[in-house]
Amino acid sequence: MNVDFEFGEKKHIKLRICSCKGTDFIIERSSYELICKGTQEVEDSGGAVIQGHILDVVIQPQKKGRYKLRVMYEILDEKLITEVEVMVK
């Protein structure tokens, strides 16, 4: 998934989490890191809002360039990671 920003924008990024087995599940915990791709520096981090099977993160990148939004979440005994490419123009 790729998301484009204009410099100065603040946006919600919502991720729908689905079970590949078709079973019901509960997301126990979720957090995120916004990482600048050039320096690998974590520019922002915090908790993602859990809305059923949707994870909601609000970010406002502070520089132009490429970022990686890493969203970590836990379901039962699994720790899972989803990454989103962010481009700021």
# chains A, B, ... in the order shown; residues from 1 in each chain; ligands from 1
>>> residues_around(residues="Glu6 in chain A", least_positions_apart="6", cutoff="9 Å", atoms="only C-alpha atoms", output="PyMOL selection string")
chain A and resi 64+87-89
>>> write_last_selection(atoms="N, CA, C and O atoms", output="compact mmCIF listing (two decimals), in the first residue's frame")
# COMPACT_ATOMS: atom_id res chain seq x y z
N LYS A 64 9.89 16.42 3.69
CA LYS A 64 9.58 15.87 2.38
C LYS A 64 10.43 14.61 2.18
O LYS A 64 11.54 14.52 2.71
N MET A 87 4.86 8.76 0.84
CA MET A 87 5.67 9.71 0.06
C MET A 87 5.15 11.11 0.33
O MET A 87 3.96 11.38 0.16
N VAL A 88 6.04 12.02 0.76
CA VAL A 88 5.69 13.39 1.05
C VAL A 88 6.33 14.27 -0.01
O VAL A 88 7.54 14.26 -0.20
N LYS A 89 5.47 15.03 -0.72
CA LYS A 89 5.96 15.92 -1.80
C LYS A 89 6.01 17.35 -1.35
O LYS A 89 5.24 17.79 -0.55
>>> residues_around(residues="Gly52 in chain A", least_positions_apart="2", cutoff="10 Å", atoms="only C-alpha atoms", output="number ranges by chain")
A: 16-17, 25-27, 49-50, 54-55
>>> write_last_selection(atoms="C-alpha atoms", output="mmCIF file, in the first residue's frame")
data_model
loop_
_atom_site.group_PDB
_atom_site.id
_atom_site.type_symbol
_atom_site.label_atom_id
_atom_site.label_comp_id
_atom_site.auth_asym_id
_atom_site.auth_seq_id
_atom_site.Cartn_x
_atom_site.Cartn_y
_atom_site.Cartn_z
ATOM 1 C CA ARG A 16 -8.523 -3.301 7.652
ATOM 2 C CA ILE A 17 -7.201 -6.535 9.177
ATOM 3 C CA PHE A 25 -10.574 -12.537 16.074
ATOM 4 C CA ILE A 26 -9.859 -9.676 18.451
ATOM 5 C CA ILE A 27 -6.932 -7.288 18.027
ATOM 6 C CA VAL A 49 -6.742 3.199 17.595
ATOM 7 C CA ILE A 50 -8.447 -0.198 17.336
ATOM 8 C CA ILE A 54 -9.685 -1.567 11.620
ATOM 9 C CA LEU A 55 -6.478 0.063 12.875
#
>>> residues_around(residues="Met1 in chain A", least_positions_apart="2", cutoff="8 Å", atoms="only C-alpha atoms", output="ChimeraX atom specification")
/A:3,83-85
>>> write_last_selection(atoms="N, CA, C and O atoms", output="PDB file, in the first residue's frame")
ATOM      1  N   VAL A   3       0.772   5.633   0.154  1.00  0.00           N
ATOM      2  CA  VAL A   3      -0.026   6.807   0.468  1.00  0.00           C
ATOM      3  C   VAL A   3       0.804   8.043   0.153  1.00  0.00           C
ATOM      4  O   VAL A   3       1.964   8.125   0.569  1.00  0.00           O
ATOM      5  N   GLU A  83       3.329  -2.880   6.824  1.00  0.00           N
ATOM      6  CA  GLU A  83       4.056  -1.660   6.462  1.00  0.00           C
ATOM      7  C   GLU A  83       3.359  -0.948   5.316  1.00  0.00           C
ATOM      8  O   GLU A  83       2.849  -1.584   4.391  1.00  0.00           O
ATOM      9  N   VAL A  84       3.369   0.388   5.395  1.00  0.00           N
ATOM     10  CA  VAL A  84       2.770   1.248   4.374  1.00  0.00           C
ATOM     11  C   VAL A  84       3.857   2.223   3.918  1.00  0.00           C
ATOM     12  O   VAL A  84       4.530   2.839   4.746  1.00  0.00           O
ATOM     13  N   GLU A  85       4.032   2.345   2.604  1.00  0.00           N
ATOM     14  CA  GLU A  85       4.976   3.307   2.045  1.00  0.00           C
ATOM     15  C   GLU A  85       4.304   4.676   2.000  1.00  0.00           C
ATOM     16  O   GLU A  85       3.168   4.801   1.529  1.00  0.00           O
TER      17      GLU A  85
END
>>> residues_around(residues="range 34-43 of chain A", least_positions_apart="6", cutoff="9 Å", atoms="only C-alpha atoms", output="PyMOL selection string")
chain A and resi 59+61-63+65-71
>>> closest_residue(among="A:Asn2, A:Asp44, A:Asp24, A:Lys14", to="Leu76 in chain A", atoms="only C-alpha atoms")
A:Asp24
>>> atom_distance(atom1="CA of Glu28 in chain A", atom2="CA of Gly47 in chain A")
11.9 Å
>>> select_by_dssp(residues="range 3-51 of chain A", states="strand (DSSP E)", output="ChimeraX atom specification")
/A:3-5,11-16,27-36,42-47,49-51
>>> write_last_selection(atoms="N, CA and C atoms", output="mmCIF file, in the first residue's frame")
data_model
loop_
_atom_site.group_PDB
_atom_site.id
_atom_site.type_symbol
_atom_site.label_atom_id
_atom_site.label_comp_id
_atom_site.auth_asym_id
_atom_site.auth_seq_id
_atom_site.Cartn_x
_atom_site.Cartn_y
_atom_site.Cartn_z
ATOM 1 N N VAL A 3 0.772 5.633 0.154
ATOM 2 C CA VAL A 3 -0.026 6.807 0.468
ATOM 3 C C VAL A 3 0.804 8.043 0.153
ATOM 4 N N ASP A 4 0.206 8.988 -0.580
ATOM 5 C CA ASP A 4 0.881 10.242 -0.909
ATOM 6 C C ASP A 4 0.388 11.363 -0.011
ATOM 7 N N PHE A 5 1.318 12.221 0.420
ATOM 8 C CA PHE A 5 1.030 13.397 1.223
ATOM 9 C C PHE A 5 1.608 14.615 0.518
ATOM 10 N N LYS A 11 -3.012 13.210 8.127
ATOM 11 C CA LYS A 11 -4.043 12.304 7.626
ATOM 12 C C LYS A 11 -4.206 11.078 8.514
ATOM 13 N N HIS A 12 -5.418 10.511 8.435
ATOM 14 C CA HIS A 12 -5.695 9.198 9.016
ATOM 15 C C HIS A 12 -5.271 8.138 7.998
ATOM 16 N N ILE A 13 -4.608 7.105 8.466
ATOM 17 C CA ILE A 13 -4.315 5.916 7.671
ATOM 18 C C ILE A 13 -5.060 4.777 8.371
ATOM 19 N N LYS A 14 -6.006 4.171 7.656
ATOM 20 C CA LYS A 14 -6.806 3.095 8.251
ATOM 21 C C LYS A 14 -6.492 1.784 7.549
ATOM 22 N N LEU A 15 -6.217 0.769 8.341
ATOM 23 C CA LEU A 15 -5.896 -0.552 7.817
ATOM 24 C C LEU A 15 -6.953 -1.551 8.278
ATOM 25 N N ARG A 16 -7.551 -2.256 7.322
ATOM 26 C CA ARG A 16 -8.523 -3.301 7.652
ATOM 27 C C ARG A 16 -7.760 -4.622 7.774
ATOM 28 N N ILE A 27 -8.255 -7.915 17.995
ATOM 29 C CA ILE A 27 -6.932 -7.288 18.027
ATOM 30 C C ILE A 27 -6.725 -6.775 19.455
ATOM 31 N N GLU A 28 -5.732 -7.342 20.129
ATOM 32 C CA GLU A 28 -5.493 -7.028 21.546
ATOM 33 C C GLU A 28 -4.783 -5.688 21.741
ATOM 34 N N ARG A 29 -3.725 -5.454 20.975
ATOM 35 C CA ARG A 29 -2.901 -4.253 21.105
ATOM 36 C C ARG A 29 -2.418 -3.830 19.727
ATOM 37 N N SER A 30 -2.113 -2.527 19.606
ATOM 38 C CA SER A 30 -1.576 -2.035 18.340
ATOM 39 C C SER A 30 -0.758 -0.769 18.577
ATOM 40 N N SER A 31 0.314 -0.644 17.820
ATOM 41 C CA SER A 31 1.154 0.546 17.894
ATOM 42 C C SER A 31 1.724 0.825 16.501
ATOM 43 N N TYR A 32 2.374 1.976 16.360
ATOM 44 C CA TYR A 32 2.958 2.325 15.058
ATOM 45 C C TYR A 32 4.268 3.078 15.231
ATOM 46 N N GLU A 33 5.061 3.061 14.162
ATOM 47 C CA GLU A 33 6.277 3.872 14.053
ATOM 48 C C GLU A 33 6.295 4.476 12.655
ATOM 49 N N LEU A 34 6.573 5.767 12.562
ATOM 50 C CA LEU A 34 6.771 6.437 11.282
ATOM 51 C C LEU A 34 8.277 6.624 11.111
ATOM 52 N N ILE A 35 8.848 5.935 10.121
ATOM 53 C CA ILE A 35 10.304 5.867 9.962
ATOM 54 C C ILE A 35 10.715 6.588 8.686
ATOM 55 N N CYS A 36 11.645 7.535 8.810
ATOM 56 C CA CYS A 36 12.213 8.234 7.649
ATOM 57 C C CYS A 36 13.133 7.257 6.920
ATOM 58 N N VAL A 42 13.212 7.014 13.652
ATOM 59 C CA VAL A 42 11.794 7.001 13.999
ATOM 60 C C VAL A 42 11.380 8.439 14.303
ATOM 61 N N GLU A 43 10.543 8.984 13.417
ATOM 62 C CA GLU A 43 10.116 10.378 13.563
ATOM 63 C C GLU A 43 8.913 10.506 14.498
ATOM 64 N N ASP A 44 8.062 9.493 14.508
ATOM 65 C CA ASP A 44 6.862 9.526 15.341
ATOM 66 C C ASP A 44 6.490 8.089 15.711
ATOM 67 N N SER A 45 5.865 7.925 16.841
ATOM 68 C CA SER A 45 5.401 6.601 17.259
ATOM 69 C C SER A 45 4.275 6.773 18.264
ATOM 70 N N GLY A 46 3.520 5.704 18.461
ATOM 71 C CA GLY A 46 2.431 5.769 19.424
ATOM 72 C C GLY A 46 1.496 4.597 19.261
ATOM 73 N N GLY A 47 0.336 4.709 19.841
ATOM 74 C CA GLY A 47 -0.664 3.660 19.763
ATOM 75 C C GLY A 47 -1.626 3.902 18.621
ATOM 76 N N VAL A 49 -5.391 3.377 17.076
ATOM 77 C CA VAL A 49 -6.742 3.199 17.595
ATOM 78 C C VAL A 49 -7.331 1.935 16.972
ATOM 79 N N ILE A 50 -7.841 1.057 17.803
ATOM 80 C CA ILE A 50 -8.447 -0.198 17.336
ATOM 81 C C ILE A 50 -9.957 0.001 17.284
ATOM 82 N N GLN A 51 -10.524 -0.168 16.079
ATOM 83 C CA GLN A 51 -11.966 -0.051 15.870
ATOM 84 C C GLN A 51 -12.445 -1.367 15.261
#
>>> atom_distance(atom1="CA of Tyr73 in chain A", atom2="CA of Ala48 in chain A")
8.8 Å
>>> atom_distance(atom1="CA of Thr82 in chain A", atom2="CA of Lys10 in chain A")
20.2 Å
